[in-house]
Amino acid sequence: MDEYDVVVVGAGPAGSTAARFAAEKARVLLVDKHREIGSPKRCGEGLTLDAFRDLDIPLDKRFINKKIYGSVVYAPGGGKIEIRYDEPAGYIIERKIFDKFLAAEASRKGVRVLADAYATLNTVNGRIMGVRIRHQGEEREIKAKVVIAADGVESQIARQAGINTALNPRDIDSCFEYEMSDIKIEDPNMIHAYLGNKIAPGGYIWIFPKDDDRANVGVGVCGGERETAKYYLDRFIKSRPDLRGGSILEVNVGCIPVGASLKELVRDNLMVVGDAARQVNPVHAGGVHNAMLAGKLAGTTAAETIDSQDLGILKRYELGWNSSKGKQLERILRIRYFMRKLGDGDMDYLTRVWDGGDLIRVSEGDWGVALKKMAEHPRLLKLLKKFV
Ligand SMILES: Cc1cc2nc3c(=O)[nH]c(=O)nc-3n(C[C@H](O)[C@H](O)[C@H](O)COP(=O)(O)OP(=O)(O)OC[C@H]3O[C@@H](n4cnc5c(N)ncnc54)[C@H](O)[C@@H]3O)c2cc1C
């Protein structure tokens, strides 16, 4: 039997970051069920500059496809809001290389990384002893003092520990994406998002340029819709002369948990991070930055726990997250619920009264200024006040 202080299940951004920070004071194993870490990618690959700064990640050419100077959000009636910066505000990355880079960085800090290792929780008389892994046909038991569940949106590990992870289908965005080439992108230095109840109910269509003529073109729609995400994306592409002649280089399908984050992030000697804990921005559905922030906090807390041999310290991760970032995500969730009630005409109205700054503030959970600008629309104001 192998023995570690900490075993991390899932080598996505949350898991590799948690492992990297835990390794400062602990012996760490990081396992992933896929044969290749980072693949298949299920991502639009947009990441803000803040994420690189917060996690001290270099802007390495190997995983940066394109510098992004802002975003354009299009309402169904043709109105739009543009947020443009003089300097790059974000990047379209290559997740397959980025995720592998994060895992390699963890291994440089002393983490043992193992791909092609499917994990299940190992409990004995209700006590979490570690995990069992199936690696290349061989079953192994891994004993660990702390288990970190970073196993993404389909997380089983937290559920196996008894945490209630059930999700309402309305709180899951169902996504479909093509990486397309030989397309015309109006402004390849910007990301583009298209809203509308007919275009993408409860979500949006995105064009995230990876090159001047190549982009991730995808859609997220609210779970429980009659039509599939693929239906909405194909229909959009067909309607657009700039896209419909393009080639398809890759097809991605996936889900994003956009409802309330898990409140119970620690149970006994188990911690839950990233999509497994639904730490995603419910408005734009980006989750990589939060996954890494949570991974850092969880990993650092696990390291302190091992160092002090006091399991009680693990709860500091839950308290720390829930009292800061978790609170912000709760405010953003209310904005999502408000947006889900908007008609197409309401979206058109908002693109007339809000500017780029308002949109950023709203997507970060701060609706004060935006609310004031809606003073001349009593019905919408009343609706917003119901949620915020
Ligand atoms: C179509 C789509 C587009 C998106 N676009 C963006 C975007 O542009 N920007 C953004 O910030 N976010 C985006 N997201 C969200 C983002 O991809 C996730 O929030 C992010 O990957 C979460 O990181 P994570 O480490 O928590 O989980 P994941 O990246 O999902 O990693 C979980 C890992 O756990 C492994 N695993 C699962 N179960 C087991 C097991 N039992 N044993 C071993 N390993 C296991 C998996 O193989 C996987 O590697 C998008 C999501 C989708 C689906």
# chains A, B, ... in the order shown; residues from 1 in each chain; ligands from 1

$ closest_atom_pairs --of "segment 265-313 of chain A" --to "segment 35-45 of chain A" --cutoff "12 Å" --atoms "only C-alpha atoms" --output "JSON lines"
{"residue": "A:His284", "atom": "CA", "partner": "A:Gly44", "partner_atom": "CA", "distance": 11.3}
{"residue": "A:Ala285", "atom": "CA", "partner": "A:Gly44", "partner_atom": "CA", "distance": 10.2}
{"residue": "A:Gly286", "atom": "CA", "partner": "A:Gly44", "partner_atom": "CA", "distance": 8.8}
{"residue": "A:Gly287", "atom": "CA", "partner": "A:Cys43", "partner_atom": "CA", "distance": 9.5}
{"residue": "A:Val288", "atom": "CA", "partner": "A:Glu45", "partner_atom": "CA", "distance": 8.8}
{"residue": "A:His289", "atom": "CA", "partner": "A:Glu45", "partner_atom": "CA", "distance": 11.1}

$ write_last_selection --atoms "N, CA, C and O atoms" --output "PDB file, in the first residue's frame"
ATOM      1  N   HIS A 284     -20.991  34.546 -16.164  1.00  0.00           N
ATOM      2  CA  HIS A 284     -20.300  34.232 -17.435  1.00  0.00           C
ATOM      3  C   HIS A 284     -19.823  32.779 -17.487  1.00  0.00           C
ATOM      4  O   HIS A 284     -19.304  32.318 -18.496  1.00  0.00           O
ATOM      5  N   ALA A 285     -19.984  32.046 -16.383  1.00  0.00           N
ATOM      6  CA  ALA A 285     -19.694  30.607 -16.334  1.00  0.00           C
ATOM      7  C   ALA A 285     -18.207  30.275 -16.454  1.00  0.00           C
ATOM      8  O   ALA A 285     -17.854  29.135 -16.718  1.00  0.00           O
ATOM      9  N   GLY A 286     -17.346  31.256 -16.249  1.00  0.00           N
ATOM     10  CA  GLY A 286     -15.904  30.983 -16.202  1.00  0.00           C
ATOM     11  C   GLY A 286     -15.561  30.355 -14.854  1.00  0.00           C
ATOM     12  O   GLY A 286     -16.073  30.792 -13.817  1.00  0.00           O
ATOM     13  N   GLY A 287     -14.711  29.327 -14.867  1.00  0.00           N
ATOM     14  CA  GLY A 287     -14.416  28.649 -13.605  1.00  0.00           C
ATOM     15  C   GLY A 287     -12.952  28.407 -13.335  1.00  0.00           C
ATOM     16  O   GLY A 287     -12.581  28.016 -12.225  1.00  0.00           O
ATOM     17  N   VAL A 288     -12.081  28.669 -14.326  1.00  0.00           N
ATOM     18  CA  VAL A 288     -10.670  28.295 -14.162  1.00  0.00           C
ATOM     19  C   VAL A 288      -9.991  29.138 -13.066  1.00  0.00           C
ATOM     20  O   VAL A 288      -9.293  28.610 -12.200  1.00  0.00           O
ATOM     21  N   HIS A 289     -10.236  30.450 -13.112  1.00  0.00           N
ATOM     22  CA  HIS A 289      -9.594  31.344 -12.127  1.00  0.00           C
ATOM     23  C   HIS A 289     -10.014  30.953 -10.704  1.00  0.00           C
ATOM     24  O   HIS A 289      -9.175  30.760  -9.820  1.00  0.00           O
TER      25      HIS A 289
END

$ residues_near_ligand --ligand "ligand 1" --cutoff "6 Å" --atoms "only C-alpha atoms and all ligand atoms" --output "MDAnalysis selection string"
chainID A and resid 9:15 31:34 42:47 117:120 150:153 155 175:177 253:256 274:276 280 286:289 291

$ closest_atom_pairs --of "segment 148-254 of chain A" --to "segment 79-92 of chain A" --cutoff "10 Å" --atoms "only C-alpha atoms" --output "JSON lines"
{"residue": "A:Asn189", "atom": "CA", "partner": "A:Pro88", "partner_atom": "CA", "distance": 8.9}
{"residue": "A:Met190", "atom": "CA", "partner": "A:Arg84", "partner_atom": "CA", "distance": 7.9}
{"residue": "A:Ile191", "atom": "CA", "partner": "A:Ile92", "partner_atom": "CA", "distance": 9.0}
{"residue": "A:His192", "atom": "CA", "partner": "A:Glu82", "partner_atom": "CA", "distance": 9.4}
{"residue": "A:Ala193", "atom": "CA", "partner": "A:Lys80", "partner_atom": "CA", "distance": 9.6}
{"residue": "A:Tyr194", "atom": "CA", "partner": "A:Lys80", "partner_atom": "CA", "distance": 9.1}
{"residue": "A:Leu195", "atom": "CA", "partner": "A:Lys80", "partner_atom": "CA", "distance": 9.8}
{"residue": "A:Phe208", "atom": "CA", "partner": "A:Ile92", "partner_atom": "CA", "distance": 6.9}
{"residue": "A:Pro209", "atom": "CA", "partner": "A:Ile92", "partner_atom": "CA", "distance": 7.0}
{"residue": "A:Lys210", "atom": "CA", "partner": "A:Ile92", "partner_atom": "CA", "distance": 6.0}
{"residue": "A:Asp211", "atom": "CA", "partner": "A:Ile92", "partner_atom": "CA", "distance": 9.2}
{"residue": "A:Ala215", "atom": "CA", "partner": "A:Ile92", "partner_atom": "CA", "distance": 9.2}
{"residue": "A:Asn216", "atom": "CA", "partner": "A:Ile92", "partner_atom": "CA", "distance": 9.2}

$ residues_around --residues "Asn322 of chain A" --least-positions-apart "6" --cutoff "12 Å" --atoms "only C-alpha atoms" --output "list in words"
Ala260, Ser261, Leu262, Lys263, Glu264, Leu265, Val266, Ala277, Gln279, Ala294, Leu297, Lys315, Arg316, Gln328, Leu329 and Glu330 of chain A

$ write_last_selection --atoms "all heavy atoms" --output "tab-separated table (two decimals), in the first residue's frame"
chain	number	residue	atom	x	y	z
A	260	ALA	N	-25.76	27.55	-7.00
A	260	ALA	CA	-25.07	27.90	-5.76
A	260	ALA	C	-23.86	27.00	-5.54
A	260	ALA	O	-23.90	25.81	-5.83
A	260	ALA	CB	-26.05	27.75	-4.59
A	261	SER	N	-22.79	27.59	-5.02
A	261	SER	CA	-21.60	26.78	-4.67
A	261	SER	C	-21.94	25.88	-3.50
A	261	SER	O	-22.85	26.18	-2.72
A	261	SER	CB	-20.45	27.68	-4.23
A	261	SER	OG	-20.17	28.64	-5.19
A	262	LEU	N	-21.19	24.79	-3.37
A	262	LEU	CA	-21.35	23.95	-2.18
A	262	LEU	C	-20.97	24.76	-0.96
A	262	LEU	O	-19.99	25.49	-0.99
A	262	LEU	CB	-20.39	22.76	-2.24
A	262	LEU	CG	-20.74	21.51	-3.03
A	262	LEU	CD1	-19.73	20.42	-2.71
A	262	LEU	CD2	-22.15	21.03	-2.71
A	263	LYS	N	-21.73	24.61	0.11
A	263	LYS	CA	-21.36	25.31	1.36
A	263	LYS	C	-20.42	24.41	2.17
A	263	LYS	O	-19.49	24.88	2.80
A	263	LYS	CB	-22.62	25.57	2.20
A	263	LYS	CG	-23.51	26.66	1.65
A	263	LYS	CD	-22.98	28.03	2.09
A	263	LYS	CE	-23.67	29.15	1.38
A	263	LYS	NZ	-23.60	29.11	-0.08
A	264	GLU	N	-20.71	23.12	2.13
A	264	GLU	CA	-19.87	22.19	2.89
A	264	GLU	C	-18.66	21.81	2.04
A	264	GLU	O	-18.74	20.98	1.13
A	264	GLU	CB	-20.67	20.93	3.26
A	264	GLU	CG	-19.88	20.02	4.17
A	264	GLU	CD	-20.66	18.79	4.62
A	264	GLU	OE1	-21.78	18.54	4.13
A	264	GLU	OE2	-20.12	18.06	5.47
A	265	LEU	N	-17.54	22.45	2.31
A	265	LEU	CA	-16.34	22.24	1.50
A	265	LEU	C	-15.35	21.30	2.18
A	265	LEU	O	-14.36	20.89	1.59
A	265	LEU	CB	-15.66	23.59	1.22
A	265	LEU	CG	-16.51	24.61	0.44
A	265	LEU	CD1	-15.79	25.95	0.37
A	265	LEU	CD2	-16.79	24.11	-0.97
A	266	VAL	N	-15.64	21.02	3.45
A	266	VAL	CA	-14.76	20.13	4.22
A	266	VAL	C	-15.63	19.19	5.04
A	266	VAL	O	-16.57	19.64	5.70
A	266	VAL	CB	-13.85	20.95	5.19
A	266	VAL	CG1	-13.02	20.03	6.07
A	266	VAL	CG2	-12.94	21.90	4.41
A	277	ALA	N	-16.90	21.73	-6.39
A	277	ALA	CA	-17.58	22.51	-5.36
A	277	ALA	C	-18.42	23.62	-5.99
A	277	ALA	O	-18.94	24.48	-5.29
A	277	ALA	CB	-16.56	23.11	-4.40
A	279	GLN	N	-17.53	26.23	-7.85
A	279	GLN	CA	-17.02	27.57	-7.56
A	279	GLN	C	-16.84	28.37	-8.86
A	279	GLN	O	-15.79	28.93	-9.14
A	279	GLN	CB	-15.70	27.43	-6.79
A	279	GLN	CG	-15.95	26.88	-5.38
A	279	GLN	CD	-14.73	26.28	-4.72
A	279	GLN	OE1	-13.89	25.68	-5.41
A	279	GLN	NE2	-14.62	26.37	-3.42
A	294	ALA	N	-9.32	28.60	-5.29
A	294	ALA	CA	-9.77	27.64	-4.27
A	294	ALA	C	-8.70	26.58	-4.04
A	294	ALA	O	-8.44	26.18	-2.90
A	294	ALA	CB	-11.08	27.00	-4.71
A	297	LEU	N	-6.00	27.98	-1.79
A	297	LEU	CA	-6.43	28.06	-0.39
A	297	LEU	C	-6.52	26.66	0.24
A	297	LEU	O	-6.06	26.44	1.37
A	297	LEU	CB	-7.80	28.77	-0.33
A	297	LEU	CG	-8.35	29.12	1.05
A	297	LEU	CD1	-7.37	30.00	1.82
A	297	LEU	CD2	-9.70	29.85	0.92
A	315	LYS	N	-10.94	23.06	8.30
A	315	LYS	CA	-12.16	23.88	8.19
A	315	LYS	C	-11.86	25.33	7.83
A	315	LYS	O	-12.74	26.07	7.39
A	315	LYS	CB	-12.93	23.83	9.51
A	315	LYS	CG	-13.92	22.66	9.60
A	315	LYS	CD	-15.23	22.96	8.85
A	315	LYS	CE	-16.15	21.76	8.84
A	315	LYS	NZ	-17.27	21.87	7.89
A	316	ARG	N	-10.60	25.75	8.06
A	316	ARG	CA	-10.24	27.14	7.72
A	316	ARG	C	-10.45	27.41	6.23
A	316	ARG	O	-10.71	28.53	5.83
A	316	ARG	CB	-8.79	27.43	8.09
A	316	ARG	CG	-8.58	27.57	9.56
A	316	ARG	CD	-7.15	27.99	9.83
A	316	ARG	NE	-6.85	27.80	11.24
A	316	ARG	CZ	-5.63	27.76	11.74
A	316	ARG	NH1	-4.59	27.90	10.94
A	316	ARG	NH2	-5.44	27.59	13.03
A	328	GLN	N	-19.27	36.54	-2.65
A	328	GLN	CA	-19.36	37.25	-3.94
A	328	GLN	C	-20.13	36.38	-4.95
A	328	GLN	O	-20.99	36.88	-5.68
A	328	GLN	CB	-17.96	37.56	-4.46
A	328	GLN	CG	-18.01	38.41	-5.72
A	328	GLN	CD	-16.68	38.43	-6.47
A	328	GLN	OE1	-15.85	37.54	-6.32
A	328	GLN	NE2	-16.50	39.44	-7.29
A	329	LEU	N	-19.83	35.08	-4.96
A	329	LEU	CA	-20.52	34.19	-5.91
A	329	LEU	C	-22.02	34.13	-5.62
A	329	LEU	O	-22.84	34.03	-6.53
A	329	LEU	CB	-19.90	32.79	-5.89
A	329	LEU	CG	-18.48	32.67	-6.45
A	329	LEU	CD1	-17.98	31.24	-6.39
A	329	LEU	CD2	-18.40	33.19	-7.89
A	330	GLU	N	-22.39	34.25	-4.36
A	330	GLU	CA	-23.83	34.28	-4.00
A	330	GLU	C	-24.50	35.51	-4.61
A	330	GLU	O	-25.61	35.43	-5.13
A	330	GLU	CB	-23.99	34.35	-2.48
A	330	GLU	CG	-24.14	33.00	-1.83
A	330	GLU	CD	-24.17	33.12	-0.31
A	330	GLU	OE1	-24.60	34.15	0.23
A	330	GLU	OE2	-23.72	32.15	0.33

$ closest_residue --among "A:Leu102, A:Ala144, A:Leu359, A:Val272" --to "Asn122 of chain A" --atoms "only C-alpha atoms"
A:Ala144

$ closest_residue --among "A:Glu186, A:Glu179, A:Asp344, A:Glu364" --to "Ile248 of chain A" --atoms "only C-alpha atoms"
A:Glu179

$ select_by_dssp --residues "segment 164-269 of chain A" --states "helix (DSSP H, G or I)" --output "ChimeraX atom specification"
/A:169-171,229-238,241-244

$ write_last_selection --atoms "C-alpha atoms" --output "PDB file, in the first residue's frame"
ATOM      1  CA  PRO A 169     -30.840  20.783 -13.978  1.00  0.00           C
ATOM      2  CA  ARG A 170     -31.652  24.528 -14.265  1.00  0.00           C
ATOM      3  CA  ASP A 171     -28.396  25.175 -12.394  1.00  0.00           C
ATOM      4  CA  ALA A 229     -26.957  23.053 -26.985  1.00  0.00           C
ATOM      5  CA  LYS A 230     -25.733  21.705 -30.348  1.00  0.00           C
ATOM      6  CA  TYR A 231     -29.041  22.702 -31.947  1.00  0.00           C
ATOM      7  CA  TYR A 232     -28.611  26.349 -30.872  1.00  0.00           C
ATOM      8  CA  LEU A 233     -24.970  26.487 -31.962  1.00  0.00           C
ATOM      9  CA  ASP A 234     -25.556  24.916 -35.380  1.00  0.00           C
ATOM     10  CA  ARG A 235     -28.489  27.241 -36.018  1.00  0.00           C
ATOM     11  CA  PHE A 236     -26.393  30.296 -35.082  1.00  0.00           C
ATOM     12  CA  ILE A 237     -23.504  29.219 -37.310  1.00  0.00           C
ATOM     13  CA  LYS A 238     -25.842  28.582 -40.250  1.00  0.00           C
ATOM     14  CA  PRO A 241     -21.977  34.034 -43.407  1.00  0.00           C
ATOM     15  CA  ASP A 242     -18.758  34.792 -41.493  1.00  0.00           C
ATOM     16  CA  LEU A 243     -18.848  31.368 -39.804  1.00  0.00           C
ATOM     17  CA  ARG A 244     -20.804  28.924 -41.891  1.00  0.00           C
TER      18      ARG A 244
END

$ closest_residue --among "A:Lys67, A:Lys25, A:Lys386, A:Arg226" --to "Lys341 of chain A" --atoms "only C-alpha atoms"
A:Lys386

$ closest_atom_pairs --of "segment 267-379 of chain A" --to "segment 124-127 of chain A" --cutoff "12 Å" --atoms "only C-alpha atoms" --output "CSV"
residue,atom,partner,partner_atom,distance
A:Arg267,CA,A:Arg127,CA,10.6
A:Asp268,CA,A:Arg127,CA,8.2
A:Asn269,CA,A:Arg127,CA,8.7
A:Leu270,CA,A:Arg127,CA,10.3

$ residues_around --residues "Ala18 of chain A" --least-positions-apart "6" --cutoff "9 Å" --atoms "only C-alpha atoms" --output "list of chain:residue names"
A:Val8, A:Ala106, A:Ile148, A:Ala150, A:Val273, A:Met292, A:Leu293, A:Ala294, A:Gly295, A:Lys296, A:Leu297, A:Ala298, A:Gly299, A:Thr300, A:Ala302

$ atom_distance --atom1 "atom CA of Ile199 of chain A" --atom2 "atom CA of Ser174 of chain A"
14.0 Å

$ atom_distance --atom1 "atom CA of Ala23 of chain A" --atom2 "atom CA of Gly110 of chain A"
6.2 Å

$ closest_residue --among "A:Ile64, A:Val258, A:Val251, A:Ala26" --to "Gly223 of chain A" --atoms "only C-alpha atoms"
A:Val258

$ atom_distance --atom1 "atom CA of Met129 of chain A" --atom2 "atom CA of Lys145 of chain A"
7.0 Å
